[in-house]
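Coordinates as given in protein25.cif (mmCIF, C-alpha atoms (C1' of nucleotides)):
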```
data_target
#
loop_
_atom_site.label_atom_id
_atom_site.label_comp_id
_atom_site.auth_asym_id
_atom_site.auth_seq_id
_atom_site.Cartn_x
_atom_site.Cartn_y
_atom_site.Cartn_z
CA MET A 6 0.00 0.00 0.00
CA ARG A 7 1.17 3.46 -0.85
CA SER A 8 1.78 4.96 2.58
CA ALA A 9 1.25 8.68 2.12
CA GLY A 10 0.50 10.43 -1.11
CA MET A 11 -2.05 10.44 -3.86
CA TYR A 12 -2.04 7.85 -6.56
CA LEU A 13 -0.22 8.82 -9.71
CA CYS A 14 -2.76 7.13 -11.97
CA GLY A 15 -5.76 4.83 -11.89
CA LEU A 16 -3.66 1.74 -12.44
CA ASP A 17 -1.66 2.67 -9.41
CA ALA A 18 -4.78 2.79 -7.27
CA ALA A 19 -6.13 -0.46 -8.69
CA VAL A 20 -2.91 -2.37 -8.10
CA ASP A 21 -2.94 -1.09 -4.54
CA VAL A 22 -6.30 -2.78 -4.06
CA ILE A 23 -5.51 -6.11 -5.72
CA GLY A 24 -1.80 -6.27 -4.90
CA GLY A 25 -0.21 -8.88 -2.69
CA LYS A 26 0.02 -12.59 -2.96
CA TRP A 27 -3.57 -13.67 -2.42
CA LYS A 28 -6.16 -11.03 -3.25
CA VAL A 29 -6.81 -11.86 -6.88
CA LEU A 30 -7.19 -15.50 -5.93
CA ILE A 31 -9.79 -14.53 -3.36
CA LEU A 32 -11.64 -12.42 -5.89
CA TRP A 33 -11.55 -15.35 -8.25
CA ALA A 34 -12.91 -17.67 -5.57
CA LEU A 35 -15.81 -15.32 -4.85
CA HIS A 36 -16.53 -14.83 -8.51
CA ALA A 37 -19.19 -17.56 -8.68
CA GLY A 38 -21.09 -16.44 -5.59
CA PRO A 39 -20.93 -16.17 -1.79
CA ARG A 40 -18.51 -18.44 -0.02
CA ARG A 41 -17.86 -19.31 3.58
CA PHE A 42 -14.49 -18.69 5.19
CA GLY A 43 -13.60 -22.36 5.18
CA GLU A 44 -14.74 -22.82 1.61
CA VAL A 45 -12.50 -20.06 0.36
CA LYS A 46 -9.65 -21.47 2.38
CA ARG A 47 -10.05 -24.89 0.84
CA GLU A 48 -10.29 -23.41 -2.64
CA ILE A 49 -7.04 -21.51 -2.38
CA GLU A 50 -4.24 -23.97 -2.05
CA GLY A 51 -1.55 -22.90 0.38
CA ILE A 52 -3.16 -19.86 1.99
CA SER A 53 -2.93 -19.59 5.75
CA GLU A 54 -5.87 -18.56 7.88
CA LYS A 55 -4.02 -15.45 8.90
CA MET A 56 -3.45 -14.27 5.36
CA LEU A 57 -6.97 -15.18 4.33
CA ILE A 58 -8.66 -13.23 7.10
CA GLN A 59 -6.25 -10.33 6.68
CA SER A 60 -6.85 -10.10 2.95
CA LEU A 61 -10.60 -10.45 3.38
CA ARG A 62 -10.64 -7.64 5.94
CA GLU A 63 -8.67 -5.36 3.65
CA LEU A 64 -10.94 -6.12 0.73
CA GLU A 65 -13.88 -5.42 3.02
CA ALA A 66 -12.41 -2.06 4.00
CA ASP A 67 -11.99 -1.30 0.30
CA GLU A 68 -15.68 -2.14 -0.22
CA ILE A 69 -14.81 -4.96 -2.59
CA VAL A 70 -16.08 -7.76 -0.39
CA HIS A 71 -19.17 -7.97 1.81
CA ARG A 72 -19.09 -9.93 5.03
CA GLU A 73 -22.24 -11.40 6.49
CA VAL A 74 -22.40 -13.14 9.84
CA PHE A 75 -25.04 -15.77 10.57
CA HIS A 76 -25.46 -16.17 14.29
CA GLU A 77 -25.51 -19.92 14.39
CA ILE A 78 -23.68 -22.68 16.08
CA PRO A 79 -21.27 -23.64 14.64
CA PRO A 80 -20.54 -20.07 13.45
CA LYS A 81 -21.15 -19.23 9.82
CA VAL A 82 -19.82 -16.25 7.91
CA GLU A 83 -20.35 -15.61 4.23
CA TYR A 84 -18.20 -13.48 1.99
CA SER A 85 -19.44 -12.12 -1.31
CA LEU A 86 -18.52 -9.49 -3.86
CA THR A 87 -20.08 -6.06 -3.56
CA PRO A 88 -21.17 -4.27 -6.73
CA LEU A 89 -17.80 -2.51 -6.65
CA GLY A 90 -16.11 -5.89 -6.33
CA LYS A 91 -18.04 -7.23 -9.27
CA SER A 92 -17.02 -4.26 -11.39
CA LEU A 93 -13.42 -4.83 -10.34
CA ASN A 94 -13.63 -8.45 -11.39
CA THR A 95 -15.00 -7.37 -14.74
CA ALA A 96 -12.15 -4.92 -15.17
CA LEU A 97 -9.70 -7.67 -14.28
CA ALA A 98 -11.00 -10.10 -16.89
CA PRO A 99 -8.75 -8.92 -19.77
CA LEU A 100 -5.73 -9.08 -17.50
CA GLY A 101 -6.68 -12.60 -16.49
CA ASP A 102 -6.94 -13.58 -20.13
CA TRP A 103 -3.56 -12.02 -20.85
CA GLY A 104 -1.97 -13.88 -17.97
CA HIS A 105 -3.58 -17.13 -19.01
CA LYS A 106 -2.35 -16.72 -22.56
CA HIS A 107 1.25 -15.95 -21.58
CA MET A 108 1.56 -17.99 -18.40
CA LYS A 109 4.01 -20.50 -19.85
CA ARG A 110 6.27 -17.73 -21.05
CA ILE A 111 6.17 -15.94 -17.71
CA GLU A 112 6.97 -19.12 -15.83
CA LYS A 113 9.82 -19.91 -18.17
CA ASN A 114 11.32 -16.46 -17.76
CA ARG A 115 11.17 -16.86 -14.01
CA HIS A 116 12.52 -20.43 -14.05
CA VAL A 117 9.55 -21.38 -11.91
CA THR A 118 9.63 -25.06 -11.05
CA PRO A 119 6.36 -27.00 -11.09
CA ARG A 120 4.74 -28.09 -7.86
CA PRO A 121 5.96 -31.43 -6.46
CA MET B 21 7.04 -13.19 -7.06
CA ARG B 22 5.68 -16.63 -6.42
CA SER B 23 8.78 -18.52 -5.37
CA ALA B 24 8.15 -22.10 -6.39
CA GLY B 25 4.99 -23.44 -7.88
CA MET B 26 2.73 -22.92 -10.83
CA TYR B 27 0.32 -20.07 -10.97
CA LEU B 28 -3.17 -20.84 -9.82
CA CYS B 29 -4.77 -18.73 -12.54
CA GLY B 30 -3.94 -16.21 -15.24
CA LEU B 31 -4.61 -13.28 -12.97
CA ASP B 32 -2.10 -14.66 -10.56
CA ALA B 33 0.57 -14.75 -13.25
CA ALA B 34 -0.28 -11.28 -14.50
CA VAL B 35 -0.14 -9.71 -11.05
CA ASP B 36 3.24 -11.34 -10.58
CA VAL B 37 4.48 -9.42 -13.62
CA ILE B 38 3.00 -6.02 -12.79
CA GLY B 39 3.13 -6.26 -9.00
CA GLY B 40 5.22 -4.06 -6.77
CA LYS B 41 5.18 -0.38 -6.21
CA TRP B 42 6.48 0.96 -9.49
CA LYS B 43 5.94 -1.33 -12.45
CA VAL B 44 2.58 -0.10 -13.65
CA LEU B 45 3.87 3.45 -13.46
CA ILE B 46 6.80 2.47 -15.65
CA LEU B 47 4.47 0.79 -18.13
CA TRP B 48 2.40 3.92 -18.16
CA ALA B 49 5.46 6.08 -18.77
CA LEU B 50 6.48 3.94 -21.73
CA HIS B 51 2.99 3.87 -23.13
CA ALA B 52 3.51 6.82 -25.47
CA GLY B 53 6.81 5.57 -26.91
CA PRO B 54 10.48 4.94 -26.12
CA ARG B 55 11.95 6.81 -23.19
CA ARG B 56 15.44 7.25 -21.85
CA PHE B 57 16.34 6.19 -18.34
CA GLY B 58 16.46 9.74 -17.06
CA GLU B 59 13.20 10.66 -18.77
CA VAL B 60 11.34 7.83 -17.07
CA LYS B 61 12.90 8.78 -13.78
CA ARG B 62 11.75 12.37 -14.09
CA GLU B 63 8.27 11.26 -15.09
CA ILE B 64 7.78 9.05 -12.06
CA GLU B 65 7.77 11.21 -8.98
CA GLY B 66 9.56 9.67 -6.06
CA ILE B 67 11.19 6.66 -7.66
CA SER B 68 14.81 6.00 -6.77
CA GLU B 69 17.37 5.06 -9.39
CA LYS B 70 17.80 1.69 -7.75
CA MET B 71 14.12 0.80 -7.93
CA LEU B 72 13.83 2.11 -11.46
CA ILE B 73 16.70 0.07 -12.84
CA GLN B 74 15.61 -2.98 -10.86
CA SER B 75 12.05 -2.80 -12.14
CA LEU B 76 13.21 -2.17 -15.68
CA ARG B 77 15.48 -5.20 -15.56
CA GLU B 78 12.71 -7.40 -14.29
CA LEU B 79 10.33 -6.17 -16.95
CA GLU B 80 13.04 -6.81 -19.49
CA ALA B 81 13.46 -10.39 -18.22
CA ASP B 82 9.70 -10.81 -18.56
CA GLU B 83 9.94 -9.60 -22.16
CA ILE B 84 7.68 -6.65 -21.43
CA VAL B 85 10.30 -3.97 -21.99
CA HIS B 86 13.02 -3.69 -24.60
CA ARG B 87 16.34 -2.08 -23.76
CA GLU B 88 18.45 -0.49 -26.45
CA VAL B 89 21.89 0.93 -25.86
CA PHE B 90 23.27 3.69 -28.08
CA HIS B 91 27.03 3.78 -27.85
CA GLU B 92 27.40 7.51 -27.56
CA ILE B 93 28.94 9.97 -25.23
CA PRO B 94 27.17 10.83 -23.01
CA PRO B 95 25.62 7.37 -22.75
CA LYS B 96 22.11 6.87 -24.03
CA VAL B 97 19.78 3.97 -23.33
CA GLU B 98 16.24 3.74 -24.54
CA TYR B 99 13.47 1.67 -23.04
CA SER B 100 10.37 0.74 -24.97
CA LEU B 101 7.47 -1.70 -24.81
CA THR B 102 7.80 -4.99 -26.64
CA PRO B 103 4.73 -6.36 -28.47
CA LEU B 104 4.05 -8.40 -25.34
CA GLY B 105 4.35 -5.25 -23.28
CA LYS B 106 1.91 -3.46 -25.54
CA SER B 107 -0.59 -6.28 -25.23
CA LEU B 108 -0.18 -6.13 -21.47
CA ASN B 109 -0.86 -2.42 -21.48
CA THR B 110 -3.98 -3.02 -23.53
CA ALA B 111 -5.13 -5.67 -21.08
CA LEU B 112 -4.49 -3.24 -18.24
CA ALA B 113 -6.59 -0.46 -19.71
CA PRO B 114 -9.92 -1.51 -18.14
CA LEU B 115 -8.25 -1.85 -14.78
CA GLY B 116 -6.78 1.61 -15.16
CA ASP B 117 -10.21 2.99 -15.94
CA TRP B 118 -11.67 1.23 -12.94
CA GLY B 119 -8.98 2.64 -10.70
CA HIS B 120 -9.42 6.09 -12.11
CA LYS B 121 -13.16 5.97 -11.58
CA HIS B 122 -12.93 4.80 -7.97
CA MET B 123 -9.70 6.47 -6.90
CA LYS B 124 -11.36 8.89 -4.50
CA ARG B 125 -13.19 6.07 -2.78
CA ILE B 126 -10.05 3.98 -2.47
CA GLU B 127 -8.09 6.87 -1.03
CA LYS B 128 -10.83 7.66 1.43
CA ASN B 129 -11.01 4.06 2.61
CA ARG B 130 -7.27 4.08 3.17
CA HIS B 131 -7.20 7.49 4.85
CA VAL B 132 -4.48 8.46 2.40
CA THR B 133 -3.27 11.96 3.03
CA PRO B 134 -2.48 14.20 0.06
CA ARG B 135 1.12 14.99 -0.84
CA PRO B 136 2.63 17.97 1.01
"C1'" DT C 22 39.51 23.02 -12.54
"C1'" DC C 23 35.11 22.01 -11.28
"C1'" DA C 24 30.29 21.33 -11.36
"C1'" DG C 25 26.85 18.85 -14.15
"C1'" DG C 26 24.68 15.38 -16.87
"C1'" DT C 27 24.56 10.44 -18.41
"C1'" DA C 28 23.36 5.50 -16.88
"C1'" DC C 29 24.25 2.82 -13.94
"C1'" DC C 30 26.36 -0.51 -9.45
"C1'" DC C 31 27.00 -1.76 -4.60
"C1'" DA C 32 26.47 -2.13 0.45
"C1'" DC C 33 23.69 -1.30 4.12
"C1'" DT C 34 19.34 -0.52 6.48
"C1'" DA C 35 14.37 0.02 7.26
"C1'" DA C 36 9.85 -1.37 6.52
"C1'" DA C 37 6.36 -4.29 4.86
"C1'" DA C 38 4.63 -8.66 3.79
"C1'" DG C 39 4.09 -13.24 4.72
"C1'" DG C 40 4.51 -17.82 7.42
"C1'" DT C 41 3.99 -20.77 11.79
"C1'" DA C 42 1.87 -22.29 15.55
"C1'" DA C 43 -0.79 -21.81 19.24
"C1'" DG C 44 -5.30 -20.57 21.63
"C1'" DC C 45 -10.52 -19.43 22.17
"C1'" DA C 46 -15.70 -20.32 22.42
"C1'" DT C 47 -19.32 -23.15 21.13
"C1'" DC C 48 -21.77 -27.36 20.26
"C1'" DA C 49 -22.35 -32.25 18.25
"C1'" DA C 50 -20.96 -36.75 17.49
"C1'" DG C 51 -18.59 -40.71 18.92
"C1'" DC D 2 -14.72 -36.97 27.80
"C1'" DT D 3 -12.21 -36.49 23.93
"C1'" DT D 4 -12.25 -35.15 19.12
"C1'" DG D 5 -13.63 -32.32 15.41
"C1'" DA D 6 -15.65 -28.45 13.08
"C1'" DT D 7 -16.42 -23.47 12.93
"C1'" DG D 8 -14.20 -18.64 12.32
"C1'" DC D 9 -11.36 -16.33 13.96
"C1'" DT D 10 -7.05 -13.84 17.13
"C1'" DT D 11 -2.49 -13.31 18.84
"C1'" DA D 12 2.50 -13.48 19.19
"C1'" DC D 13 6.65 -14.33 17.13
"C1'" DC D 14 9.83 -14.97 13.42
"C1'" DT D 15 11.60 -15.01 8.56
"C1'" DT D 16 11.55 -13.39 3.97
"C1'" DT D 17 10.85 -10.00 0.66
"C1'" DT D 18 10.73 -5.43 -0.85
"C1'" DA D 19 11.98 -0.80 -0.82
"C1'" DG D 20 14.90 3.24 0.51
"C1'" DT D 21 19.58 5.70 1.46
"C1'" DG D 22 23.72 7.15 0.32
"C1'" DG D 23 27.65 6.45 -1.63
"C1'" DG D 24 30.75 5.37 -5.93
"C1'" DT D 25 32.02 4.73 -11.17
"C1'" DA D 26 33.54 6.55 -16.01
"C1'" DC D 27 32.97 9.58 -19.46
"C1'" DC D 28 32.55 14.08 -21.69
"C1'" DT D 29 30.77 19.12 -21.83
"C1'" DG D 30 30.47 23.79 -20.81
"C1'" DA D 31 31.75 27.68 -17.49
#
```
Encoding of this model in structure tokens:
Amino acid sequence: MRSAGMYLCGLDAAVDVIGGKWKVLILWALHAGPRRFGEVKREIEGISEKMLIQSLRELEADEIVHREVFHEIPPKVEYSLTPLGKSLNTALAPLGDWGHKHMKRIEKNRHVTPRP
Amino acid sequence: MRSAGMYLCGLDAAVDVIGGKWKVLILWALHAGPRRFGEVKREIEGISEKMLIQSLRELEADEIVHREVFHEIPPKVEYSLTPLGKSLNTALAPLGDWGHKHMKRIEKNRHVTPRP
DNA sequence: TCAGGTACCCACTAAAAGGTAAGCATCAAG
DNA sequence: CTTGATGCTTACCTTTTAGTGGGTACCTGA
């Protein structure tokens, strides 16, 4: 996050919202509809509970994600995209396509080794 | 950068390429055509030479930016977008628009104070 | 001779981001 | 009466990223 100072352009602001290791994956997971905390966790391989809750809270503060608590036992909390979140996902679609198309090349350039 | 492991989706890969504090600003600066090192530096308020060269090198490794050296005195080096870089910029356009449209809201939610 | 511009490189440090592992309150099932 | 599931929270530590301040080699103009 840019600590103090206005954004230099819209892209700058957008990357500040979706930046970090997990946020786009969370957006992707919520794309198809509301999900519970545990569901999102299981969908995103490798994320820790700490990072998940932290990212969700930041996205909530940015009005991208809506959090709804159901007072039940066992506890149930649902996360979903707000209208702003949906518009963000739409704006991200071309970037997702680009990444998908060039993923192999990116991985090669980074010498990324495949998962064991 | 994702250290070891395949990307989980295209967005993931794309954010890995444009992530960090400065890269989208550099892409933006190169949008209108080739720029010299010093020109880019002057266009991006607040960037240090270290971060600029580091980001440029990474973008070059990702085949987003092309680096051309002119053997002159004083030295001259031009940076420009490769075709891949241009396609990335195109894919980023909707995100830039989104950010531009919601910049005020994002800043407010972050309590970002204006530059002095 | 001396500052200024060019495009960097290097070492060190500070700050941010991320990972690990534990604990909590509640109830149900075994 | 222990285990598991739920959705967190907290403390601590490591890794990654970014910033600072110096140096280089070359030529130009004052």
Spell out the residues picked by the PyMOL selection byres ((chain B) within 8 of (chain C)) here, as a JSON list (two decimals) with C-alpha atoms, in the coordinates of the input.
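Saved result, expr.json, follows:
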```json
[["chain", "number", "residue", "atom", "x", "y", "z"],
["B", 57, "PHE", "CA", 16.34, 6.19, -18.34],
["B", 94, "PRO", "CA", 27.17, 10.83, -23.01],
["B", 95, "PRO", "CA", 25.62, 7.37, -22.75],
["B", 96, "LYS", "CA", 22.11, 6.87, -24.03],
["B", 97, "VAL", "CA", 19.78, 3.97, -23.33]]
```
Determine, using only C-alpha atoms, which residues of chain A have any atom at most 9 Å from an atom of chain B, and tabulate each with its shortest atom pair and distance in Å to one decimal place, rows ordered by chain and then rising number, as JSON lines.
```
{"residue": "A:Met6", "atom": "CA", "partner": "B:Lys41", "partner_atom": "CA", "distance": 8.1}
{"residue": "A:Arg7", "atom": "CA", "partner": "B:Lys41", "partner_atom": "CA", "distance": 7.7}
{"residue": "A:Ser8", "atom": "CA", "partner": "B:Val132", "partner_atom": "CA", "distance": 7.2}
{"residue": "A:Ala9", "atom": "CA", "partner": "B:Thr133", "partner_atom": "CA", "distance": 5.7}
{"residue": "A:Gly10", "atom": "CA", "partner": "B:Arg135", "partner_atom": "CA", "distance": 4.6}
{"residue": "A:Met11", "atom": "CA", "partner": "B:Pro134", "partner_atom": "CA", "distance": 5.4}
{"residue": "A:Tyr12", "atom": "CA", "partner": "B:Met123", "partner_atom": "CA", "distance": 7.8}
{"residue": "A:Leu13", "atom": "CA", "partner": "B:Leu45", "partner_atom": "CA", "distance": 7.7}
{"residue": "A:Cys14", "atom": "CA", "partner": "B:His120", "partner_atom": "CA", "distance": 6.7}
{"residue": "A:Gly15", "atom": "CA", "partner": "B:His120", "partner_atom": "CA", "distance": 3.9}
{"residue": "A:Leu16", "atom": "CA", "partner": "B:Gly116", "partner_atom": "CA", "distance": 4.1}
{"residue": "A:Asp17", "atom": "CA", "partner": "B:Val44", "partner_atom": "CA", "distance": 6.6}
{"residue": "A:Ala18", "atom": "CA", "partner": "B:Gly119", "partner_atom": "CA", "distance": 5.4}
{"residue": "A:Ala19", "atom": "CA", "partner": "B:Gly119", "partner_atom": "CA", "distance": 4.7}
{"residue": "A:Val20", "atom": "CA", "partner": "B:Gly39", "partner_atom": "CA", "distance": 7.2}
{"residue": "A:Asp21", "atom": "CA", "partner": "B:Lys41", "partner_atom": "CA", "distance": 8.3}
{"residue": "A:Val22", "atom": "CA", "partner": "B:Ile126", "partner_atom": "CA", "distance": 7.9}
{"residue": "A:Ile23", "atom": "CA", "partner": "B:Val35", "partner_atom": "CA", "distance": 8.4}
{"residue": "A:Gly24", "atom": "CA", "partner": "B:Gly39", "partner_atom": "CA", "distance": 6.4}
{"residue": "A:Gly25", "atom": "CA", "partner": "B:Gly39", "partner_atom": "CA", "distance": 7.6}
{"residue": "A:Lys26", "atom": "CA", "partner": "B:Arg22", "partner_atom": "CA", "distance": 7.8}
{"residue": "A:Trp27", "atom": "CA", "partner": "B:Asp32", "partner_atom": "CA", "distance": 8.3}
{"residue": "A:Val29", "atom": "CA", "partner": "B:Asp32", "partner_atom": "CA", "distance": 6.6}
{"residue": "A:Leu30", "atom": "CA", "partner": "B:Asp32", "partner_atom": "CA", "distance": 6.9}
{"residue": "A:Trp33", "atom": "CA", "partner": "B:Leu31", "partner_atom": "CA", "distance": 8.6}
{"residue": "A:Ile49", "atom": "CA", "partner": "B:Leu28", "partner_atom": "CA", "distance": 8.4}
{"residue": "A:Glu50", "atom": "CA", "partner": "B:Leu28", "partner_atom": "CA", "distance": 8.4}
{"residue": "A:Ala66", "atom": "CA", "partner": "B:Asn129", "partner_atom": "CA", "distance": 6.4}
{"residue": "A:Asp67", "atom": "CA", "partner": "B:Asn129", "partner_atom": "CA", "distance": 5.9}
{"residue": "A:Glu68", "atom": "CA", "partner": "B:Asn129", "partner_atom": "CA", "distance": 8.3}
{"residue": "A:Leu89", "atom": "CA", "partner": "B:His122", "partner_atom": "CA", "distance": 8.9}
{"residue": "A:Ser92", "atom": "CA", "partner": "B:Trp118", "partner_atom": "CA", "distance": 7.8}
{"residue": "A:Leu93", "atom": "CA", "partner": "B:Trp118", "partner_atom": "CA", "distance": 6.8}
{"residue": "A:Thr95", "atom": "CA", "partner": "B:Pro114", "partner_atom": "CA", "distance": 8.5}
{"residue": "A:Ala96", "atom": "CA", "partner": "B:Leu115", "partner_atom": "CA", "distance": 5.0}
{"residue": "A:Leu97", "atom": "CA", "partner": "B:Leu115", "partner_atom": "CA", "distance": 6.0}
{"residue": "A:Ala98", "atom": "CA", "partner": "B:Leu31", "partner_atom": "CA", "distance": 8.1}
{"residue": "A:Pro99", "atom": "CA", "partner": "B:Ala111", "partner_atom": "CA", "distance": 5.0}
{"residue": "A:Leu100", "atom": "CA", "partner": "B:Ala111", "partner_atom": "CA", "distance": 5.0}
{"residue": "A:Gly101", "atom": "CA", "partner": "B:Leu31", "partner_atom": "CA", "distance": 4.1}
{"residue": "A:Asp102", "atom": "CA", "partner": "B:Gly30", "partner_atom": "CA", "distance": 6.3}
{"residue": "A:Trp103", "atom": "CA", "partner": "B:Ala111", "partner_atom": "CA", "distance": 6.5}
{"residue": "A:Gly104", "atom": "CA", "partner": "B:Gly30", "partner_atom": "CA", "distance": 4.1}
{"residue": "A:His105", "atom": "CA", "partner": "B:Gly30", "partner_atom": "CA", "distance": 3.9}
{"residue": "A:Lys106", "atom": "CA", "partner": "B:Gly30", "partner_atom": "CA", "distance": 7.5}
{"residue": "A:His107", "atom": "CA", "partner": "B:Gly30", "partner_atom": "CA", "distance": 8.2}
{"residue": "A:Met108", "atom": "CA", "partner": "B:Ala33", "partner_atom": "CA", "distance": 6.2}
{"residue": "A:Arg110", "atom": "CA", "partner": "B:Asp82", "partner_atom": "CA", "distance": 8.1}
{"residue": "A:Ile111", "atom": "CA", "partner": "B:Asp82", "partner_atom": "CA", "distance": 6.3}
{"residue": "A:Glu112", "atom": "CA", "partner": "B:Met26", "partner_atom": "CA", "distance": 7.6}
{"residue": "A:Asn114", "atom": "CA", "partner": "B:Asp82", "partner_atom": "CA", "distance": 5.9}
{"residue": "A:Arg115", "atom": "CA", "partner": "B:Asp82", "partner_atom": "CA", "distance": 7.7}
{"residue": "A:His116", "atom": "CA", "partner": "B:Ala24", "partner_atom": "CA", "distance": 9.0}
{"residue": "A:Val117", "atom": "CA", "partner": "B:Ala24", "partner_atom": "CA", "distance": 5.7}
{"residue": "A:Thr118", "atom": "CA", "partner": "B:Ala24", "partner_atom": "CA", "distance": 5.7}
{"residue": "A:Pro119", "atom": "CA", "partner": "B:Gly25", "partner_atom": "CA", "distance": 5.0}
{"residue": "A:Arg120", "atom": "CA", "partner": "B:Gly25", "partner_atom": "CA", "distance": 4.7}
{"residue": "A:Pro121", "atom": "CA", "partner": "B:Gly25", "partner_atom": "CA", "distance": 8.2}
```
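The interatomic distance for the pair atom CA of A:Gly90 and atom CA of A:His76 works out to 24.9 Å.
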Margin query: Please report the interatomic distance between atom CA of B:Ile67 and atom CA of B:Ile84 in Å with one decimal.
Written below: 19.5 Å
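A straight line drawn from atom CA of A:Lys55 to atom C1' of D:DT10 is 8.9 Å long.
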Next item on the list: I would like the residues chosen by the PyMOL selection byres ((chain D) within 12 of (chain B)) on the shown file; could you give them as a ChimeraX atom specification?
Entry: /D:16-22,26-29
Write the selection just made, keeping C-alpha atoms (C1' of nucleotides), as a PDB file, in the frame of the given file?
```
ATOM      1  C1'  DT D  16      11.550 -13.390   3.970  1.00  0.00           C
ATOM      2  C1'  DT D  17      10.850 -10.000   0.660  1.00  0.00           C
ATOM      3  C1'  DT D  18      10.730  -5.430  -0.850  1.00  0.00           C
ATOM      4  C1'  DA D  19      11.980  -0.800  -0.820  1.00  0.00           C
ATOM      5  C1'  DG D  20      14.900   3.240   0.510  1.00  0.00           C
ATOM      6  C1'  DT D  21      19.580   5.700   1.460  1.00  0.00           C
ATOM      7  C1'  DG D  22      23.720   7.150   0.320  1.00  0.00           C
ATOM      8  C1'  DA D  26      33.540   6.550 -16.010  1.00  0.00           C
ATOM      9  C1'  DC D  27      32.970   9.580 -19.460  1.00  0.00           C
ATOM     10  C1'  DC D  28      32.550  14.080 -21.690  1.00  0.00           C
ATOM     11  C1'  DT D  29      30.770  19.120 -21.830  1.00  0.00           C
TER      12       DT D  29
END
```
Margin query: Can you tell me which residues surround A:Tyr84 at a distance of at most 10 Å, considering all atoms listed in the file, apart from same-chain residues fewer than 6 positions away, and format the answer as a PyMOL selection string?
Written below: chain A and resi 35+38-42+44-45+61+65+70-74
Since we have the selection now, will you write its residues out, keeping C-alpha atoms, as a compact mmCIF listing (two decimals), keeping the file's coordinate frame?
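Output below, filename again_27.txt:
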```txt
# COMPACT_ATOMS: atom_id res chain seq x y z
CA LEU A 35 -15.81 -15.32 -4.85
CA GLY A 38 -21.09 -16.44 -5.59
CA PRO A 39 -20.93 -16.17 -1.79
CA ARG A 40 -18.51 -18.44 -0.02
CA ARG A 41 -17.86 -19.31 3.58
CA PHE A 42 -14.49 -18.69 5.19
CA GLU A 44 -14.74 -22.82 1.61
CA VAL A 45 -12.50 -20.06 0.36
CA LEU A 61 -10.60 -10.45 3.38
CA GLU A 65 -13.88 -5.42 3.02
CA VAL A 70 -16.08 -7.76 -0.39
CA HIS A 71 -19.17 -7.97 1.81
CA ARG A 72 -19.09 -9.93 5.03
CA GLU A 73 -22.24 -11.40 6.49
CA VAL A 74 -22.40 -13.14 9.84
```
